[in-house]
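Shown below: model-v6.txt, with compact mmCIF, C-alpha atoms and all ligand atoms.
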# COMPACT_ATOMS: atom_id res chain seq x y z
CA MET A 1 -164.35 33.83 -111.28
CA LEU A 2 -161.44 34.06 -113.74
CA GLU A 3 -160.08 30.89 -115.21
CA ILE A 4 -157.51 30.80 -117.98
CA ASN A 5 -156.74 27.52 -119.73
CA ASN A 6 -153.73 26.96 -121.96
CA LEU A 7 -153.66 30.49 -123.27
CA SER A 8 -151.24 31.32 -126.07
CA LYS A 9 -150.79 34.39 -128.20
CA ILE A 10 -148.64 34.56 -131.28
CA TYR A 11 -148.12 37.88 -133.06
CA GLY A 12 -146.98 38.09 -136.66
CA GLU A 13 -146.01 35.36 -139.08
CA GLY A 14 -142.91 33.62 -140.40
CA GLU A 15 -139.71 35.34 -139.38
CA ASN A 16 -141.61 38.02 -137.48
CA LYS A 17 -143.43 35.53 -135.33
CA VAL A 18 -143.46 36.37 -131.61
CA LYS A 19 -144.84 33.99 -129.03
CA ALA A 20 -146.03 36.57 -126.52
CA LEU A 21 -147.92 34.08 -124.32
CA ASP A 22 -146.96 30.45 -124.11
CA ASN A 23 -149.57 28.07 -122.70
CA VAL A 24 -150.60 30.02 -119.63
CA SER A 25 -153.15 28.57 -117.21
CA LEU A 26 -154.25 30.23 -114.00
CA SER A 27 -157.28 31.04 -111.93
CA ILE A 28 -158.08 34.05 -109.80
CA GLU A 29 -160.76 34.28 -107.10
CA GLN A 30 -163.16 37.10 -106.36
CA GLY A 31 -161.70 39.88 -104.23
CA GLU A 32 -158.08 38.97 -104.91
CA VAL A 33 -155.52 41.67 -105.60
CA VAL A 34 -153.07 40.10 -108.03
CA LEU A 35 -149.91 41.76 -109.28
CA ILE A 36 -148.47 40.79 -112.64
CA VAL A 37 -144.75 41.50 -112.79
CA GLY A 38 -141.92 40.70 -115.18
CA SER A 39 -139.44 42.43 -117.43
CA SER A 40 -140.39 44.60 -120.35
CA GLY A 41 -141.62 42.58 -123.31
CA SER A 42 -142.34 39.47 -121.23
CA GLY A 43 -146.05 39.40 -122.14
CA LYS A 44 -147.78 41.20 -119.26
CA SER A 45 -149.86 43.58 -121.35
CA THR A 46 -150.69 40.82 -123.80
CA LEU A 47 -152.12 38.76 -120.94
CA LEU A 48 -154.12 41.71 -119.61
CA ASN A 49 -155.42 42.55 -123.09
CA MET A 50 -156.63 38.97 -123.56
CA ILE A 51 -158.44 39.00 -120.20
CA GLY A 52 -159.85 42.43 -121.09
CA LEU A 53 -161.19 41.17 -124.45
CA LEU A 54 -159.17 43.84 -126.21
CA ASP A 55 -157.45 41.21 -128.33
CA GLN A 56 -158.04 37.56 -129.26
CA PRO A 57 -155.82 34.69 -128.12
CA THR A 58 -154.29 32.34 -130.67
CA ASN A 59 -155.17 29.38 -128.49
CA GLY A 60 -156.80 28.68 -125.17
CA LYS A 61 -159.86 29.68 -123.20
CA ILE A 62 -160.72 32.45 -120.76
CA PHE A 63 -163.70 32.01 -118.44
CA ILE A 64 -165.04 35.04 -116.62
CA ASP A 65 -167.90 34.30 -114.22
CA GLY A 66 -168.43 31.03 -116.08
CA THR A 67 -168.62 32.56 -119.57
CA ASN A 68 -166.08 31.35 -122.11
CA THR A 69 -165.22 34.78 -123.47
CA THR A 70 -163.26 33.40 -126.41
CA THR A 71 -166.52 32.27 -128.05
CA LEU A 72 -168.30 35.67 -127.89
CA ASP A 73 -169.02 37.62 -131.08
CA ASP A 74 -168.10 41.29 -131.49
CA ASN A 75 -171.36 42.67 -130.10
CA GLU A 76 -171.28 40.33 -127.15
CA ILE A 77 -167.66 41.27 -126.49
CA SER A 78 -168.43 45.01 -126.27
CA SER A 79 -171.32 44.47 -123.94
CA PHE A 80 -169.48 41.91 -121.81
CA ARG A 81 -166.46 44.17 -121.55
CA ASN A 82 -168.50 47.17 -120.47
CA LYS A 83 -170.53 45.22 -117.93
CA LYS A 84 -168.01 42.85 -116.44
CA LEU A 85 -164.65 44.59 -116.74
CA GLY A 86 -163.18 47.84 -115.48
CA PHE A 87 -160.02 49.32 -116.95
CA ILE A 88 -157.31 51.56 -115.56
CA PHE A 89 -154.47 52.38 -117.94
CA GLN A 90 -151.17 54.18 -117.48
CA PHE A 91 -152.70 57.32 -118.92
CA SER A 92 -156.14 57.92 -117.52
CA ASN A 93 -157.72 58.63 -120.95
CA LEU A 94 -160.39 60.93 -119.57
CA LEU A 95 -162.54 62.86 -122.02
CA THR A 96 -161.31 66.38 -121.44
CA ASP A 97 -164.51 68.09 -122.65
CA LEU A 98 -166.48 66.39 -119.92
CA SER A 99 -166.58 66.99 -116.20
CA VAL A 100 -165.04 64.59 -113.72
CA LEU A 101 -168.52 63.33 -112.81
CA GLU A 102 -169.52 62.84 -116.45
CA ASN A 103 -166.36 60.82 -117.09
CA VAL A 104 -167.19 58.46 -114.24
CA LEU A 105 -170.74 58.07 -115.54
CA LEU A 106 -169.75 57.22 -119.12
CA PRO A 107 -169.47 53.43 -118.82
CA ARG A 108 -172.78 53.41 -116.96
CA GLU A 109 -174.51 55.42 -119.67
CA ILE A 110 -173.41 52.97 -122.32
CA GLU A 111 -175.36 50.37 -120.35
CA GLY A 112 -178.41 52.65 -120.07
CA THR A 113 -178.41 54.68 -116.88
CA ASN A 114 -180.74 54.10 -113.99
CA ASN A 115 -181.67 56.42 -111.17
CA THR A 116 -178.86 55.34 -108.88
CA ALA A 117 -176.12 56.05 -111.46
CA GLU A 118 -175.38 59.59 -110.42
CA LYS A 119 -175.47 58.76 -106.72
CA ASP A 120 -173.12 55.81 -107.32
CA ALA A 121 -170.71 58.05 -109.23
CA ARG A 122 -170.77 60.69 -106.49
CA ASP A 123 -170.20 58.04 -103.83
CA LEU A 124 -167.23 56.65 -105.73
CA LEU A 125 -165.77 60.11 -106.25
CA LYS A 126 -166.16 60.73 -102.54
CA THR A 127 -164.34 57.48 -101.79
CA VAL A 128 -161.42 58.46 -104.01
CA GLY A 129 -161.31 61.88 -102.33
CA LEU A 130 -162.59 64.01 -105.19
CA GLU A 131 -165.98 65.16 -103.92
CA ASP A 132 -164.92 68.78 -104.34
CA GLN A 133 -163.68 68.29 -107.93
CA MET A 134 -166.75 66.62 -109.46
CA TYR A 135 -167.82 69.51 -111.68
CA LYS A 136 -164.38 70.46 -112.89
CA ARG A 137 -163.50 69.69 -116.46
CA ALA A 138 -161.27 66.66 -116.68
CA ASN A 139 -158.39 68.68 -118.15
CA LYS A 140 -158.30 70.95 -115.09
CA ILE A 141 -157.12 68.34 -112.60
CA SER A 142 -153.69 66.84 -111.86
CA GLY A 143 -152.38 63.52 -113.16
CA GLY A 144 -152.82 61.88 -109.77
CA GLN A 145 -156.39 63.16 -109.53
CA ALA A 146 -157.10 61.99 -113.07
CA GLN A 147 -155.97 58.51 -112.12
CA ARG A 148 -158.31 58.59 -109.13
CA VAL A 149 -161.13 59.49 -111.53
CA ALA A 150 -160.06 56.52 -113.66
CA ILE A 151 -160.42 54.25 -110.62
CA ALA A 152 -163.94 55.56 -109.97
CA ARG A 153 -164.79 55.14 -113.67
CA GLY A 154 -163.38 51.61 -113.60
CA LEU A 155 -165.65 50.70 -110.70
CA ILE A 156 -168.91 52.39 -111.74
CA ASN A 157 -170.42 49.29 -113.37
CA LYS A 158 -169.49 47.05 -110.44
CA PRO A 159 -167.29 44.92 -112.67
CA SER A 160 -166.18 41.38 -111.91
CA ILE A 161 -162.57 42.32 -112.54
CA VAL A 162 -160.67 45.58 -112.69
CA LEU A 163 -157.66 45.40 -114.98
CA ALA A 164 -154.91 47.95 -114.46
CA ASP A 165 -151.87 48.20 -116.76
CA GLU A 166 -149.10 50.21 -115.10
CA PRO A 167 -151.59 52.46 -113.29
CA THR A 168 -148.80 54.32 -111.49
CA GLY A 169 -146.42 54.37 -114.46
CA ASN A 170 -147.01 58.04 -115.15
CA LEU A 171 -147.18 59.34 -111.57
CA ASP A 172 -144.78 60.74 -109.00
CA SER A 173 -144.14 58.59 -105.94
CA VAL A 174 -146.60 60.40 -103.65
CA SER A 175 -149.49 60.07 -106.14
CA SER A 176 -148.47 56.48 -106.85
CA GLU A 177 -148.75 55.66 -103.17
CA THR A 178 -152.26 57.17 -103.05
CA ILE A 179 -153.40 55.22 -106.11
CA VAL A 180 -152.02 51.95 -104.76
CA GLN A 181 -153.64 52.41 -101.35
CA LEU A 182 -156.94 53.34 -102.98
CA MET A 183 -156.98 50.24 -105.16
CA LYS A 184 -156.15 48.04 -102.19
CA SER A 185 -158.81 49.58 -99.96
CA MET A 186 -161.45 49.39 -102.72
CA ALA A 187 -160.59 45.74 -103.26
CA LYS A 188 -161.24 45.05 -99.61
CA LYS A 189 -164.29 47.24 -99.20
CA LEU A 190 -166.06 46.00 -102.35
CA ASN A 191 -164.60 42.47 -102.47
CA GLN A 192 -163.39 43.64 -105.88
CA THR A 193 -160.87 41.67 -107.92
CA PHE A 194 -157.94 43.72 -109.22
CA ILE A 195 -155.34 42.44 -111.66
CA ILE A 196 -152.54 44.95 -111.81
CA VAL A 197 -149.50 44.99 -114.09
CA THR A 198 -146.70 46.92 -112.44
CA HIS A 199 -142.98 47.67 -112.46
CA GLU A 200 -143.25 48.96 -108.91
CA LYS A 201 -144.17 45.93 -106.84
CA GLU A 202 -142.52 47.40 -103.72
CA ILE A 203 -145.02 50.24 -103.33
CA PHE A 204 -147.89 47.74 -103.17
CA GLY A 205 -146.67 46.10 -99.98
CA ASP A 206 -148.68 42.99 -99.13
CA VAL A 207 -151.02 41.73 -101.84
CA ASP A 208 -152.90 38.45 -102.21
CA ARG A 209 -150.77 37.17 -105.04
CA VAL A 210 -147.89 37.95 -107.34
CA ILE A 211 -147.57 36.29 -110.75
CA THR A 212 -144.38 36.67 -112.76
CA ILE A 213 -144.46 36.54 -116.56
CA LYS A 214 -141.23 35.42 -118.15
CA ASP A 215 -140.88 34.76 -121.88
CA GLY A 216 -144.65 34.41 -122.15
CA LYS A 217 -144.92 31.86 -119.36
CA ALA A 218 -146.63 32.53 -116.03
CA PHE A 219 -145.06 31.65 -112.69
CA GLU A 220 -146.54 31.78 -109.22
CA GLY A 221 -144.67 34.25 -107.04
CA ASP A 222 -141.65 36.43 -107.74
CA GLN A 223 -138.81 34.54 -106.08
CA PRO A 224 -136.88 32.87 -108.92
CA SER A 225 -135.73 29.97 -106.72
CA LYS A 226 -139.26 29.12 -105.61
CA MET A 227 -141.26 30.02 -108.71
CA GLU A 228 -143.58 27.37 -110.04
CA VAL A 229 -144.75 27.51 -113.62
CA LEU A 230 -148.49 27.93 -114.09
CA ALA A 231 -149.44 25.74 -117.03
N1 LIG B 1 -149.46 44.14 -131.50
C1 LIG B 1 -148.30 43.49 -131.48
N2 LIG B 1 -147.73 43.05 -132.63
C2 LIG B 1 -146.58 42.36 -132.63
N3 LIG B 1 -145.87 42.06 -131.51
C3 LIG B 1 -146.38 42.46 -130.34
C4 LIG B 1 -147.60 43.21 -130.26
N4 LIG B 1 -147.85 43.48 -128.95
C5 LIG B 1 -146.82 42.94 -128.25
N5 LIG B 1 -145.94 42.33 -129.08
C6 LIG B 1 -144.72 41.60 -128.67
O1 LIG B 1 -145.12 40.61 -127.73
C7 LIG B 1 -144.19 40.52 -126.66
C8 LIG B 1 -144.88 40.83 -125.34
O2 LIG B 1 -145.29 42.19 -125.32
P1 LIG B 1 -146.09 42.86 -124.13
O3 LIG B 1 -147.19 41.97 -123.75
O4 LIG B 1 -146.44 44.25 -124.55
O5 LIG B 1 -145.00 42.88 -122.98
P2 LIG B 1 -144.95 43.67 -121.57
O6 LIG B 1 -146.29 44.30 -121.35
O7 LIG B 1 -144.59 42.63 -120.58
O8 LIG B 1 -143.86 44.68 -121.71
C9 LIG B 1 -143.07 41.50 -127.01
O9 LIG B 1 -142.07 40.79 -127.68
C10 LIG B 1 -143.74 42.49 -127.92
O10 LIG B 1 -142.82 43.07 -128.81
MG MG B 2 -146.84 46.30 -121.04

Produce structure tokens that represent the structure in this file.
Ligand SMILES: Nc1ncnc2c1ncn2[C@@H]1O[C@H](COP(=O)(O)OP(=O)(O)O)[C@@H](O)[C@H]1O
Ligand SMILES: [Mg+2]
Amino acid sequence: MLEINNLSKIYGEGENKVKALDNVSLSIEQGEVVLIVGSSGSGKSTLLNMIGLLDQPTNGKIFIDGTNTTTLDDNEISSFRNKKLGFIFQFSNLLTDLSVLENVLLPREIEGTNNTAEKDARDLLKTVGLEDQMYKRANKISGGQAQRVAIARGLINKPSIVLADEPTGNLDSVSSETIVQLMKSMAKKLNQTFIIVTHEKEIFGDVDRVITIKDGKAFEGDQPSKMEVLA
């Protein structure tokens, strides 16, 4: 469902040139929860941004559900991103003028709503434990609750892949635990792929896969002695 072939990303030119991703190849199956770990500056966000069509690779191909996303034009990219990808960032980026429910519905409205949209949003908000907060304005809830709204919003279009960049990076340990358990249970319940960049691998417990990024290269696993380069 996700296949990456020989992906490279170079930022800048001449002396300022940075090779943020260096010939990365990997594939991820539907329903997998994959953690991306590695030190700061190793290329984790760059990889996620390429998969999320938020930035263009310098070289290589990314196939999502069989579509080579590196050949899409700008219009196709926006539509593909909204339909096929869900995003959870470190800061939940909710629109504070809107209610919790309206925030969850936003990606669905961009697609043109249908009559199950509101029910789907309510169901998701129930699943993340916010059924009694639906009509609150998004600036009246806590950071942990906002991140739960972000999960519901990320899932509303039934995406192929949910991409999460440090989703617990701004939360206390109790809220982090809730967010992690929610993502894992949603993955199982919906057979939903999650690709999660994190500094806090320990709080995730068992996951399907861990990929380490080091100097722009991807390695299977997180045990330095056993790590195999993915290329
Ligand atoms: N927009 C950008 N312009 C120039 N360099 C960048 C840009 N984004 C990231 N980089 C560089 O690419 C490398 C990888 O960055 P990043 O993917 O953000 O790492 P991580 O998420 O693992 O901390 C770093 O050296 C970073 O400074
Ligand atoms: Mg990062």

Selection: 6 Å around segment 151-154 of chain A, only C-alpha atoms, excl. self and same-chain fewer than 5 positions, as a VMD selection string:
chain A and resid 86 to 87 104 124

Around (-169.3, 59.0, -115.4) in the file's own coordinates, what residues are found within 9 Å if you use all atoms listed in the file, given back as a ChimeraX atom specification?
/A:99-109,117-118,121,152-153,156

Would you list the residues that come within 8 Å of ligand MG 2 (chain B)? Count all atoms listed in the file and give the answer as a PyMOL selection string.
chain A and resi 40-41+43-46+165-166+197

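The space between atom CA of Asp208 of chain A and atom CA of Ile28 of chain A spans 10.2 Å.
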
Within 9 Å of ligand LIG 1 (chain B), which residues of chain A come that close, and what is the closest atom pair and distance in Å for each? Count only C-alpha atoms and all ligand atoms and give it as JSON lines.
{"residue": "A:Lys9", "atom": "CA", "partner": "B:LIG1", "partner_atom": "O1", "distance": 8.4}
{"residue": "A:Ile10", "atom": "CA", "partner": "B:LIG1", "partner_atom": "O1", "distance": 7.8}
{"residue": "A:Tyr11", "atom": "CA", "partner": "B:LIG1", "partner_atom": "C2", "distance": 4.8}
{"residue": "A:Gly12", "atom": "CA", "partner": "B:LIG1", "partner_atom": "C2", "distance": 5.9}
{"residue": "A:Asn16", "atom": "CA", "partner": "B:LIG1", "partner_atom": "C2", "distance": 8.2}
{"residue": "A:Lys17", "atom": "CA", "partner": "B:LIG1", "partner_atom": "N3", "distance": 7.9}
{"residue": "A:Val18", "atom": "CA", "partner": "B:LIG1", "partner_atom": "O1", "distance": 6.0}
{"residue": "A:Lys19", "atom": "CA", "partner": "B:LIG1", "partner_atom": "O1", "distance": 6.8}
{"residue": "A:Ala20", "atom": "CA", "partner": "B:LIG1", "partner_atom": "O1", "distance": 4.3}
{"residue": "A:Leu21", "atom": "CA", "partner": "B:LIG1", "partner_atom": "C8", "distance": 7.5}
{"residue": "A:Val37", "atom": "CA", "partner": "B:LIG1", "partner_atom": "O7", "distance": 7.9}
{"residue": "A:Gly38", "atom": "CA", "partner": "B:LIG1", "partner_atom": "O7", "distance": 6.3}
{"residue": "A:Ser39", "atom": "CA", "partner": "B:LIG1", "partner_atom": "O7", "distance": 6.0}
{"residue": "A:Ser40", "atom": "CA", "partner": "B:LIG1", "partner_atom": "O8", "distance": 3.7}
{"residue": "A:Gly41", "atom": "CA", "partner": "B:LIG1", "partner_atom": "O5", "distance": 3.4}
{"residue": "A:Ser42", "atom": "CA", "partner": "B:LIG1", "partner_atom": "O7", "distance": 3.9}
{"residue": "A:Gly43", "atom": "CA", "partner": "B:LIG1", "partner_atom": "O3", "distance": 3.2}
{"residue": "A:Lys44", "atom": "CA", "partner": "B:LIG1", "partner_atom": "O7", "distance": 3.7}
{"residue": "A:Ser45", "atom": "CA", "partner": "B:LIG1", "partner_atom": "O6", "distance": 3.6}
{"residue": "A:Thr46", "atom": "CA", "partner": "B:LIG1", "partner_atom": "O3", "distance": 3.7}
{"residue": "A:Leu47", "atom": "CA", "partner": "B:LIG1", "partner_atom": "O3", "distance": 6.5}
{"residue": "A:Leu48", "atom": "CA", "partner": "B:LIG1", "partner_atom": "O3", "distance": 8.1}
{"residue": "A:Asn49", "atom": "CA", "partner": "B:LIG1", "partner_atom": "O3", "distance": 8.3}
{"residue": "A:Asp165", "atom": "CA", "partner": "B:LIG1", "partner_atom": "O6", "distance": 8.2}
{"residue": "A:Val197", "atom": "CA", "partner": "B:LIG1", "partner_atom": "O6", "distance": 8.0}
{"residue": "A:Ile213", "atom": "CA", "partner": "B:LIG1", "partner_atom": "O7", "distance": 7.3}
{"residue": "A:Lys214", "atom": "CA", "partner": "B:LIG1", "partner_atom": "O7", "distance": 8.3}
{"residue": "A:Asp215", "atom": "CA", "partner": "B:LIG1", "partner_atom": "C8", "distance": 8.1}
{"residue": "A:Gly216", "atom": "CA", "partner": "B:LIG1", "partner_atom": "C8", "distance": 7.2}

Non-local contacts of Val210 of chain A (7 Å; all atoms listed in the file; under 3 positions in same chain excluded) as an MDAnalysis selection string
chainID A and resid 34:36 220:222

File of the preceding selection, C-alpha atoms, as a PDB file, in the coordinates of the input:
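Produced file result-v1.pdb, reproduced below:
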ATOM      1  CA  VAL A  34    -153.070  40.100-108.030  1.00  0.00           C
ATOM      2  CA  LEU A  35    -149.910  41.760-109.280  1.00  0.00           C
ATOM      3  CA  ILE A  36    -148.470  40.790-112.640  1.00  0.00           C
ATOM      4  CA  GLU A 220    -146.540  31.780-109.220  1.00  0.00           C
ATOM      5  CA  GLY A 221    -144.670  34.250-107.040  1.00  0.00           C
ATOM      6  CA  ASP A 222    -141.650  36.430-107.740  1.00  0.00           C
TER       7      ASP A 222
END

Can you pull out every residue within 7 Å of Ile161 of chain A, counting only C-alpha atoms, but drop anything in the same chain fewer than 3 positions away, and send it as a PyMOL selection string?
chain A and resi 84-86+192-194

Report, in Å with one decimal, the straight-line distance from atom CA of Gly52 of chain A to atom CA of Ser175 of chain A.
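Straight-line distance from atom CA of Gly52 of chain A to atom CA of Ser175 of chain A works out to 25.3 Å.
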
Figure out the distance between atom CA of Asn6 of chain A and atom CA of Pro57 of chain A, please, to one decimal in Å.
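Interatomic distance, atom CA of Pro57 of chain A to atom CA of Asn6 of chain A: 10.1 Å.
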
Considering all atoms listed in the file, can you say which of A:Met50, A:Ile88, A:Leu26, A:Met1 comes closest to Phe63 of chain A?
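Going through A:Met50, A:Ile88, A:Leu26, A:Met1 one by one, the smallest distance to Phe63 of chain A is for A:Met1.
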